[in-house]
>>> print(open('upload32.txt').read())   # compact mmCIF, C-alpha atoms
# COMPACT_ATOMS: atom_id res chain seq x y z
CA MET A 563 7.87 4.05 -42.41
CA ILE A 564 9.78 7.18 -41.48
CA ASN A 565 12.70 6.56 -39.15
CA PRO A 566 13.23 9.11 -36.32
CA HIS A 567 16.99 8.73 -36.81
CA GLN A 568 16.61 9.95 -40.38
CA LEU A 569 14.64 12.96 -39.19
CA ARG A 570 17.50 13.86 -36.85
CA ILE A 571 19.92 13.60 -39.77
CA LEU A 572 17.71 15.93 -41.81
CA LEU A 573 17.75 18.53 -39.03
CA GLU A 574 21.52 18.25 -38.70
CA VAL A 575 22.04 18.68 -42.46
CA LEU A 576 19.86 21.79 -42.56
CA GLU A 577 21.65 23.27 -39.56
CA ALA A 578 25.16 22.44 -40.86
CA GLY A 579 24.37 23.58 -44.42
CA SER A 580 25.51 20.48 -46.33
CA PHE A 581 25.90 16.71 -46.19
CA ALA A 582 29.67 17.06 -45.81
CA ALA A 583 29.42 19.53 -42.91
CA ALA A 584 26.83 17.41 -41.10
CA ALA A 585 28.76 14.15 -41.47
CA PRO A 586 31.37 14.68 -38.69
CA ARG A 587 28.68 15.90 -36.29
CA LEU A 588 26.77 12.68 -36.85
CA GLY A 589 29.78 10.39 -36.86
CA LEU A 590 29.03 9.34 -40.44
CA THR A 591 30.63 9.74 -43.84
CA PRO A 592 29.09 12.21 -46.32
CA SER A 593 28.07 9.24 -48.45
CA ALA A 594 26.23 7.65 -45.50
CA VAL A 595 24.43 10.94 -44.79
CA SER A 596 23.32 11.10 -48.44
CA GLN A 597 22.07 7.51 -48.26
CA GLN A 598 20.00 8.24 -45.13
CA ILE A 599 18.43 11.31 -46.74
CA SER A 600 17.60 9.24 -49.84
CA ALA A 601 15.97 6.62 -47.60
CA LEU A 602 13.91 9.36 -45.91
CA GLU A 603 12.78 10.66 -49.30
CA LYS A 604 11.78 7.17 -50.36
CA ALA A 605 9.88 6.48 -47.12
CA SER A 606 7.99 9.79 -47.28
CA GLY A 607 7.53 9.91 -51.06
CA VAL A 608 8.78 13.51 -51.07
CA THR A 609 11.89 14.95 -52.72
CA LEU A 610 13.76 16.99 -50.12
CA PHE A 611 16.97 18.08 -51.86
CA GLU A 612 17.88 19.19 -55.37
CA ARG A 613 21.08 17.32 -56.04
CA SER A 614 23.90 18.15 -58.44
CA ALA A 615 27.38 16.73 -58.87
CA ARG A 616 28.82 19.09 -56.26
CA SER A 617 25.91 20.05 -53.96
CA ALA A 618 22.52 19.22 -52.53
CA VAL A 619 20.22 22.20 -52.07
CA PRO A 620 17.28 21.84 -49.62
CA LEU A 621 13.84 22.34 -51.13
CA PRO A 622 10.88 23.97 -49.33
CA SER A 623 9.64 20.44 -48.64
CA ALA A 624 12.76 19.82 -46.53
CA GLU A 625 12.13 22.95 -44.46
CA ALA A 626 8.48 21.97 -43.97
CA MET A 627 9.42 18.46 -42.89
CA ALA A 628 12.04 19.85 -40.52
CA ARG A 629 9.48 22.04 -38.73
CA HIS A 630 7.25 19.05 -38.05
CA ALA A 631 10.23 16.79 -37.30
CA ARG A 632 11.22 19.00 -34.36
CA ILE A 633 7.73 18.56 -32.88
CA VAL A 634 7.69 14.80 -33.51
CA LEU A 635 11.14 14.25 -32.00
CA THR A 636 10.25 16.33 -28.94
CA GLU A 637 7.10 14.25 -28.45
CA LEU A 638 9.11 11.04 -28.81
CA GLU A 639 11.50 12.21 -26.11
CA SER A 640 8.54 13.00 -23.86
CA LEU A 641 7.09 9.56 -24.60
CA VAL A 642 10.29 7.80 -23.57
CA ALA A 643 10.66 9.97 -20.45
CA ALA A 644 7.08 9.24 -19.37
CA ALA A 645 7.50 5.50 -19.90
CA SER A 646 10.76 5.53 -17.95
CA ALA A 647 9.16 7.47 -15.09
CA ALA A 648 6.24 5.03 -14.99
CA GLU A 649 8.63 2.09 -14.85
CA THR A 650 10.55 3.66 -11.98
CA SER A 651 7.34 4.55 -10.16
CA SER A 652 5.90 1.05 -10.48
CA SER A 653 9.05 -0.62 -9.20
CA HIS A 654 9.55 1.84 -6.31
CA VAL A 655 5.98 2.66 -5.39
CA GLU A 656 5.24 4.06 -1.93
CA LEU A 657 2.32 2.32 -0.21
CA ARG A 658 0.49 4.25 2.50
CA VAL A 659 -0.73 1.82 5.14
CA GLY A 660 -2.79 2.44 8.26
CA ILE A 661 -2.60 -0.10 11.08
CA PHE A 662 -4.16 -0.33 14.52
CA PRO A 663 -1.73 -0.18 17.48
CA SER A 664 -2.05 -3.69 18.92
CA LEU A 665 -1.24 -5.26 15.54
CA THR A 666 1.82 -3.13 14.86
CA SER A 667 4.37 -4.71 17.21
CA TYR A 668 3.44 -8.22 16.05
CA LEU A 669 3.13 -7.67 12.32
CA ILE A 670 5.64 -5.07 11.15
CA PRO A 671 8.84 -6.83 12.37
CA ARG A 672 7.69 -10.00 10.59
CA LEU A 673 6.81 -8.12 7.40
CA MET A 674 10.25 -6.48 7.34
CA HIS A 675 11.84 -9.95 7.28
CA ASP A 676 9.41 -11.46 4.76
CA ASP A 677 11.35 -12.28 1.58
CA ALA A 678 8.27 -12.20 -0.66
CA TRP A 679 7.37 -8.71 0.53
CA LEU A 680 10.92 -7.37 0.33
CA ALA A 681 11.16 -8.66 -3.25
CA SER A 682 8.31 -6.34 -4.27
CA GLY A 683 10.53 -3.30 -3.68
CA THR A 684 7.58 -1.37 -2.25
CA GLN A 685 8.30 1.34 0.28
CA LEU A 686 5.93 1.58 3.25
CA ARG A 687 4.63 4.73 4.87
CA LEU A 688 2.86 3.72 8.09
CA SER A 689 0.15 5.51 10.04
CA VAL A 690 -0.80 3.97 13.40
CA GLY A 691 -4.31 4.78 14.57
CA GLU A 692 -7.67 3.46 15.69
CA PRO A 693 -9.91 1.77 13.07
CA ALA A 694 -12.45 4.60 12.71
CA GLN A 695 -9.63 7.11 12.18
CA LEU A 696 -8.03 4.87 9.54
CA VAL A 697 -11.31 4.49 7.63
CA ARG A 698 -11.61 8.28 7.39
CA SER A 699 -8.03 8.60 6.17
CA LEU A 700 -8.57 5.86 3.59
CA ARG A 701 -11.28 7.94 1.92
CA SER A 702 -9.53 11.31 2.02
CA GLU A 703 -7.55 12.94 -0.77
CA ASN A 704 -3.92 11.75 -0.67
CA GLY A 705 -4.92 9.42 2.15
CA LEU A 706 -4.16 5.79 2.89
CA ASP A 707 -3.99 3.03 0.28
CA VAL A 708 -4.68 0.20 2.75
CA ALA A 709 -6.18 0.23 6.26
CA LEU A 710 -5.72 -2.73 8.59
CA VAL A 711 -8.60 -2.60 11.06
CA PHE A 712 -10.45 -4.88 13.46
CA GLN A 713 -14.10 -5.48 14.16
CA VAL A 714 -15.57 -7.22 17.20
CA GLY A 715 -18.90 -8.81 16.36
CA GLN A 716 -21.01 -7.05 13.75
CA GLY A 717 -20.93 -3.57 15.23
CA GLY A 718 -18.55 -0.87 16.32
CA LEU A 719 -17.07 -0.09 12.90
CA ALA A 720 -18.69 0.87 9.61
CA TRP A 721 -17.34 1.79 6.20
CA PRO A 722 -18.90 2.90 2.89
CA ALA A 723 -19.58 0.60 -0.04
CA SER A 724 -16.75 2.29 -1.97
CA LEU A 725 -14.26 0.36 0.18
CA LYS A 726 -13.32 -3.26 -0.43
CA ARG A 727 -13.19 -5.53 2.63
CA THR A 728 -10.79 -8.48 2.82
CA TRP A 729 -10.90 -10.80 5.84
CA LEU A 730 -7.40 -11.64 7.08
CA ALA A 731 -7.68 -13.54 10.37
CA GLU A 732 -9.58 -14.09 13.60
CA ASP A 733 -7.74 -12.82 16.66
CA PRO A 734 -9.02 -14.57 19.82
CA PHE A 735 -9.15 -12.75 23.13
CA VAL A 736 -7.12 -14.30 25.95
CA PHE A 737 -7.86 -14.15 29.67
CA VAL A 738 -4.76 -12.79 31.40
CA LEU A 739 -4.47 -12.96 35.20
CA PRO A 740 -1.89 -11.87 37.77
CA ALA A 741 0.45 -14.77 38.49
CA ALA A 742 0.08 -13.91 42.18
CA TRP A 743 -3.48 -15.23 42.10
CA GLY A 744 -2.04 -18.73 41.98
CA PHE A 745 -3.68 -20.12 38.82
CA GLU A 746 -1.55 -22.32 36.56
CA ALA A 747 -0.80 -21.14 33.04
CA GLU A 748 -3.36 -22.36 30.47
CA ALA A 749 -5.57 -23.75 33.24
CA ALA A 750 -9.21 -24.33 32.25
CA LEU A 751 -11.40 -22.28 34.58
CA SER A 752 -15.12 -21.75 34.93
CA PRO A 753 -16.70 -18.30 34.80
CA ALA A 754 -17.69 -18.68 38.44
CA GLN A 755 -14.03 -18.90 39.50
CA LEU A 756 -13.42 -15.40 38.18
CA ALA A 757 -16.81 -13.84 38.93
CA ASP A 758 -15.71 -11.94 42.03
CA MET A 759 -12.24 -10.99 40.83
CA PRO A 760 -11.24 -7.39 39.99
CA TRP A 761 -11.11 -6.57 36.27
CA ILE A 762 -9.38 -4.08 34.00
CA MET A 763 -11.85 -3.18 31.26
CA HIS A 764 -12.01 -1.04 28.14
CA HIS A 765 -13.53 2.39 28.49
CA PRO A 766 -17.31 2.38 27.98
CA GLY A 767 -17.99 3.33 24.38
CA ALA A 768 -14.82 1.71 23.03
CA SER A 769 -15.37 -0.45 19.94
CA ASP A 770 -15.22 -3.76 21.80
CA ALA A 771 -16.38 -2.66 25.28
CA VAL A 772 -20.05 -3.49 24.63
CA VAL A 773 -19.26 -6.94 23.20
CA ILE A 774 -17.04 -7.80 26.19
CA ALA A 775 -19.70 -6.57 28.62
CA ASN A 776 -22.30 -8.73 26.86
CA LEU A 777 -19.98 -11.75 27.12
CA PHE A 778 -19.74 -11.33 30.89
CA ALA A 779 -23.49 -10.75 31.16
CA SER A 780 -24.20 -14.01 29.30
CA PHE A 781 -22.66 -15.85 32.26
CA GLY A 782 -24.44 -13.74 34.83
CA MET A 783 -21.20 -11.95 35.71
CA GLN A 784 -21.07 -8.32 36.75
CA PRO A 785 -17.33 -7.58 36.63
CA ARG A 786 -15.88 -5.53 39.47
CA VAL A 787 -14.00 -2.91 37.49
CA VAL A 788 -10.88 -1.49 39.14
CA ALA A 789 -9.41 0.25 36.07
CA TYR A 790 -10.26 1.32 32.53
CA SER A 791 -7.60 1.10 29.82
CA ASP A 792 -7.69 0.94 26.02
CA ASP A 793 -3.93 0.50 25.72
CA PHE A 794 -3.02 -3.18 25.93
CA ASN A 795 0.57 -2.58 27.03
CA THR A 796 -0.71 -0.50 29.94
CA THR A 797 -3.36 -3.12 30.67
CA LEU A 798 -0.76 -5.90 30.84
CA SER A 799 1.40 -3.82 33.17
CA LEU A 800 -1.58 -3.37 35.47
CA VAL A 801 -2.29 -7.11 35.38
CA ALA A 802 1.36 -7.87 36.20
CA SER A 803 1.14 -5.53 39.19
CA GLY A 804 -1.68 -7.65 40.59
CA LEU A 805 -4.39 -5.02 40.16
CA GLY A 806 -6.80 -7.20 38.20
CA ALA A 807 -7.51 -9.57 35.30
CA ALA A 808 -8.09 -8.56 31.68
CA LEU A 809 -9.17 -9.77 28.26
CA VAL A 810 -6.39 -9.13 25.73
CA PRO A 811 -6.27 -10.07 22.01
CA LYS A 812 -3.71 -12.77 21.23
CA LEU A 813 -1.92 -10.61 18.64
CA ALA A 814 -1.24 -8.04 21.37
CA LEU A 815 0.53 -10.72 23.41
CA THR A 816 3.87 -10.90 21.62
CA ASN A 817 5.23 -11.87 25.04
CA LEU A 818 3.37 -12.34 28.29
CA PRO A 819 4.92 -9.99 30.84
CA GLU A 820 6.52 -11.48 33.92
CA GLY A 821 3.96 -11.70 36.69
CA THR A 822 1.07 -12.71 34.42
CA VAL A 823 -0.47 -15.99 33.25
CA SER A 824 -3.03 -16.75 30.55
CA VAL A 825 -5.91 -19.09 31.31
CA ARG A 826 -8.81 -20.56 29.39
CA ILE A 827 -12.53 -20.31 30.01
CA PRO A 828 -13.87 -22.82 27.45
CA GLU A 829 -17.42 -21.47 27.65
CA ALA A 830 -16.32 -17.89 27.05
CA LYS A 831 -14.90 -17.43 23.58
CA LEU A 832 -14.49 -14.08 21.93
CA SER A 833 -12.47 -12.93 18.94
CA ARG A 834 -12.07 -9.91 16.73
CA SER A 835 -11.86 -10.03 12.94
CA VAL A 836 -8.73 -8.51 11.39
CA LEU A 837 -9.64 -6.89 8.07
CA ALA A 838 -7.93 -5.06 5.22
CA LEU A 839 -9.86 -2.18 3.69
CA THR A 840 -8.87 -0.73 0.32
CA ASN A 841 -10.43 1.72 -2.10
CA LYS A 842 -12.21 0.07 -5.00
CA PRO A 843 -10.75 1.37 -8.30
CA PRO A 844 -13.23 3.98 -9.59
CA SER A 845 -14.94 3.47 -12.92
CA ARG A 846 -13.70 5.61 -15.79
CA SER A 847 -16.77 7.84 -15.59
CA ALA A 848 -16.34 8.37 -11.84
CA ARG A 849 -12.56 8.75 -11.87
CA GLU A 850 -12.57 12.54 -12.18
CA GLY A 851 -14.68 12.95 -9.05
CA THR A 852 -12.97 10.43 -6.76
CA GLU A 853 -11.47 11.79 -3.55
CA ASN A 854 -8.56 9.35 -3.47
CA GLU A 855 -7.05 9.43 -6.96
CA ARG A 856 -4.31 6.97 -5.96
CA ALA A 857 -6.95 4.21 -6.04
CA SER A 858 -6.85 4.32 -9.86
CA VAL A 859 -3.05 4.06 -10.16
CA PRO A 860 -2.18 0.50 -11.31
CA ALA A 861 1.15 0.44 -9.47
CA VAL A 862 -0.58 1.33 -6.19
CA GLN A 863 -3.31 -1.26 -6.79
CA ASN A 864 -0.71 -3.95 -7.43
CA ALA A 865 1.38 -3.02 -4.38
CA ALA A 866 -1.75 -3.00 -2.19
CA ALA A 867 -2.77 -6.47 -3.44
CA ILE A 868 0.69 -7.89 -2.70
CA PHE A 869 0.68 -6.27 0.75
CA VAL A 870 -2.72 -7.72 1.68
CA GLU A 871 -1.67 -11.15 0.41
CA ARG A 872 1.52 -11.14 2.52
CA ILE A 873 -0.32 -9.91 5.64
CA ALA A 874 -2.84 -12.74 5.30
CA ALA A 875 0.01 -15.27 5.00
CA LEU A 876 1.84 -13.89 8.03
CA LEU A 877 -1.30 -13.91 10.16
CA ALA A 878 -2.13 -17.46 9.06
CA SER A 879 1.24 -18.60 10.39
CA SER A 880 0.77 -16.93 13.77
>>> encode(input="upload32.txt", output="structure tokens")
Amino acid sequence: MINPHQLRILLEVLEAGSFAAAAPRLGLTPSAVSQQISALEKASGVTLFERSARSAVPLPSAEAMARHARIVLTELESLVAAASAAETSSSHVELRVGIFPSLTSYLIPRLMHDDAWLASGTQLRLSVGEPAQLVRSLRSENGLDVALVFQVGQGGLAWPASLKRTWLAEDPFVFVLPAAWGFEAEAALSPAQLADMPWIMHHPGASDAVVIANLFASFGMQPRVVAYSDDFNTTLSLVASGLGAALVPKLALTNLPEGTVSVRIPEAKLSRSVLALTNKPPSRSAREGTENERASVPAVQNAAAIFVERIAALLASS
């Protein structure tokens, strides 16, 4: 088998004009240069130099081999550079993650202190948005790699079959009341006790507004709405002010604000599913036409799988 090192020696000899002149450039003795050229001739089965007692004259075969050697050695350098770049890319891959707002303050601080995640060396680029917005970005060119979304019931959010769905956790809604109303924290109440109270609700048309309205209707309750808010931090501030009660997902309650209490209504249980959506790797035949080419990059696939695994573990411990 031809050794690339011997090809480099051949090029150096032809450029220098002799074995003796090439030797110091290569850090070898003239005898060692001659031995390497002989080994190249043996490996290739081609005589490259016409030797005499005092000289070695290159034959046309040496010039022909040199022309091709330059191409081969350039390709080898490109091969090594590409492999090195792939190694660097796989160990320092950037993962583009979309996450809905009420999950962000709970999850990201915990992820940034998770040893298993930090060991992956993956760099995060976050995009905070509503689930429908994240689904669109997941499918776009140069879009997200992973979207963390929620779904209340079976409606409100849809995605194409080209996306893979992974269930991560159930996030129960919590009844949060103004402390000034006088109910004890974690008290078990009946729907009737809250039927005539003022409520802060999601805007009609919001992803979970219909499900919440149906929950109230199932108990014959027609909530007296005093405010609409889709931002849970704002909602909690309004509850703390005494304006009204609200239903808030547990993951949005990193800390109950002063002036609020959470209570239970055993008959009224509602939760939202926290899901991870990722692009399914396209088949080889479909790869050229895929919108999100990053879905076929192994390093991105691996980083996304590790991310989803760690998120599931962190949510399971909540």
>>> residues_near_point(input="upload32.txt", point="(13.7, 13.6, -50.7)", cutoff="12 Å", atoms="all atoms listed in the file", output="VMD selection string")
chain A and resid 564 568 to 569 572 596 to 613 618 to 627
>>> closest_residue(input="upload32.txt", among="A:Gln716, A:Asn565, A:Ile868, A:Trp721", to="Arg698 of chain A", atoms="all atoms listed in the file")
A:Trp721
>>> residues_around(input="upload32.txt", residues="Glu574 of chain A", least_positions_apart="3", cutoff="9 Å", atoms="all atoms listed in the file", output="list of chain:residue names")
A:Leu569, A:Arg570, A:Ile571, A:Glu577, A:Ala578, A:Gly579, A:Ser580, A:Phe581, A:Ala584, A:Ala585, A:Arg587, A:Leu588
>>> residues_near_point(input="upload32.txt", point="(-1.6, -8.6, 32.8)", cutoff="10 Å", atoms="only C-alpha atoms", output="VMD selection string")
chain A and resid 737 to 741 762 794 to 810 815 818 to 824
>>> residues_around(input="upload32.txt", residues="Ala757 of chain A", least_positions_apart="6", cutoff="10 Å", atoms="all atoms listed in the file", output="ChimeraX atom specification")
/A:778,781-786
>>> closest_residue(input="upload32.txt", among="A:Pro828, A:Gly683, A:Gly705, A:Gly691", to="Ala749 of chain A", atoms="only C-alpha atoms")
A:Pro828
>>> closest_residue(input="upload32.txt", among="A:Glu637, A:Asp707, A:Glu692, A:Asp676", to="Val659 of chain A", atoms="all atoms listed in the file")
A:Asp707
>>> decode(input="upload32.txt", residues="segment 613-682 of chain A", atoms="C-alpha atoms", output="compact mmCIF listing (two decimals), in the first residue's frame")
# COMPACT_ATOMS: atom_id res chain seq x y z
CA ARG A 613 20.04 5.32 -10.31
CA SER A 614 23.80 5.41 -10.80
CA ALA A 615 26.69 5.49 -8.35
CA ARG A 616 26.56 9.28 -8.09
CA SER A 617 22.97 10.30 -8.99
CA ALA A 618 19.32 9.37 -9.26
CA VAL A 619 17.53 10.81 -12.28
CA PRO A 620 13.71 11.01 -12.16
CA LEU A 621 11.89 9.10 -14.89
CA PRO A 622 8.64 10.23 -16.56
CA SER A 623 6.86 7.82 -14.22
CA ALA A 624 8.05 9.91 -11.25
CA GLU A 625 6.65 13.10 -12.79
CA ALA A 626 3.34 11.38 -13.54
CA MET A 627 3.08 10.03 -10.00
CA ALA A 628 3.92 13.46 -8.60
CA ARG A 629 1.05 15.11 -10.50
CA HIS A 630 -1.45 12.69 -9.02
CA ALA A 631 0.25 12.75 -5.61
CA ARG A 632 -0.46 16.47 -5.28
CA ILE A 633 -4.17 15.80 -5.85
CA VAL A 634 -4.24 12.84 -3.45
CA LEU A 635 -2.43 14.72 -0.67
CA THR A 636 -4.72 17.74 -1.07
CA GLU A 637 -7.76 15.46 -0.78
CA LEU A 638 -6.28 13.81 2.31
CA GLU A 639 -5.83 17.21 3.93
CA SER A 640 -9.45 18.05 3.10
CA LEU A 641 -10.55 14.72 4.55
CA VAL A 642 -8.77 15.37 7.85
CA ALA A 643 -10.09 18.96 8.01
CA ALA A 644 -13.67 17.81 7.40
CA ALA A 645 -13.43 15.10 10.06
CA SER A 646 -11.96 17.57 12.53
CA ALA A 647 -14.72 20.09 11.81
CA ALA A 648 -17.38 17.41 12.27
CA GLU A 649 -15.86 16.41 15.60
CA THR A 650 -15.85 20.01 16.79
CA SER A 651 -19.40 20.56 15.56
CA SER A 652 -20.74 17.44 17.27
CA SER A 653 -19.16 18.31 20.59
CA HIS A 654 -20.19 21.99 20.49
CA VAL A 655 -23.51 21.79 18.68
CA GLU A 656 -25.99 24.64 19.05
CA LEU A 657 -29.53 23.46 19.82
CA ARG A 658 -32.39 25.79 18.91
CA VAL A 659 -35.18 25.36 21.43
CA GLY A 660 -38.61 26.98 21.58
CA ILE A 661 -40.38 27.12 24.93
CA PHE A 662 -43.70 28.56 26.09
CA PRO A 663 -43.48 31.45 28.61
CA SER A 664 -44.96 29.86 31.74
CA LEU A 665 -42.49 26.96 31.57
CA THR A 666 -39.41 29.12 31.10
CA SER A 667 -38.92 30.49 34.62
CA TYR A 668 -39.37 27.04 36.16
CA LEU A 669 -37.35 24.93 33.75
CA ILE A 670 -34.37 26.90 32.44
CA PRO A 671 -32.72 27.67 35.83
CA ARG A 672 -32.93 23.97 36.71
CA LEU A 673 -31.55 22.90 33.34
CA MET A 674 -28.59 25.26 33.71
CA HIS A 675 -27.66 23.47 36.96
CA ASP A 676 -28.28 19.94 35.65
CA ASP A 677 -24.94 18.10 35.56
CA ALA A 678 -26.07 15.58 32.95
CA TRP A 679 -27.12 18.36 30.58
CA LEU A 680 -24.02 20.47 31.16
CA ALA A 681 -21.84 17.42 30.42
CA SER A 682 -23.28 17.27 26.89
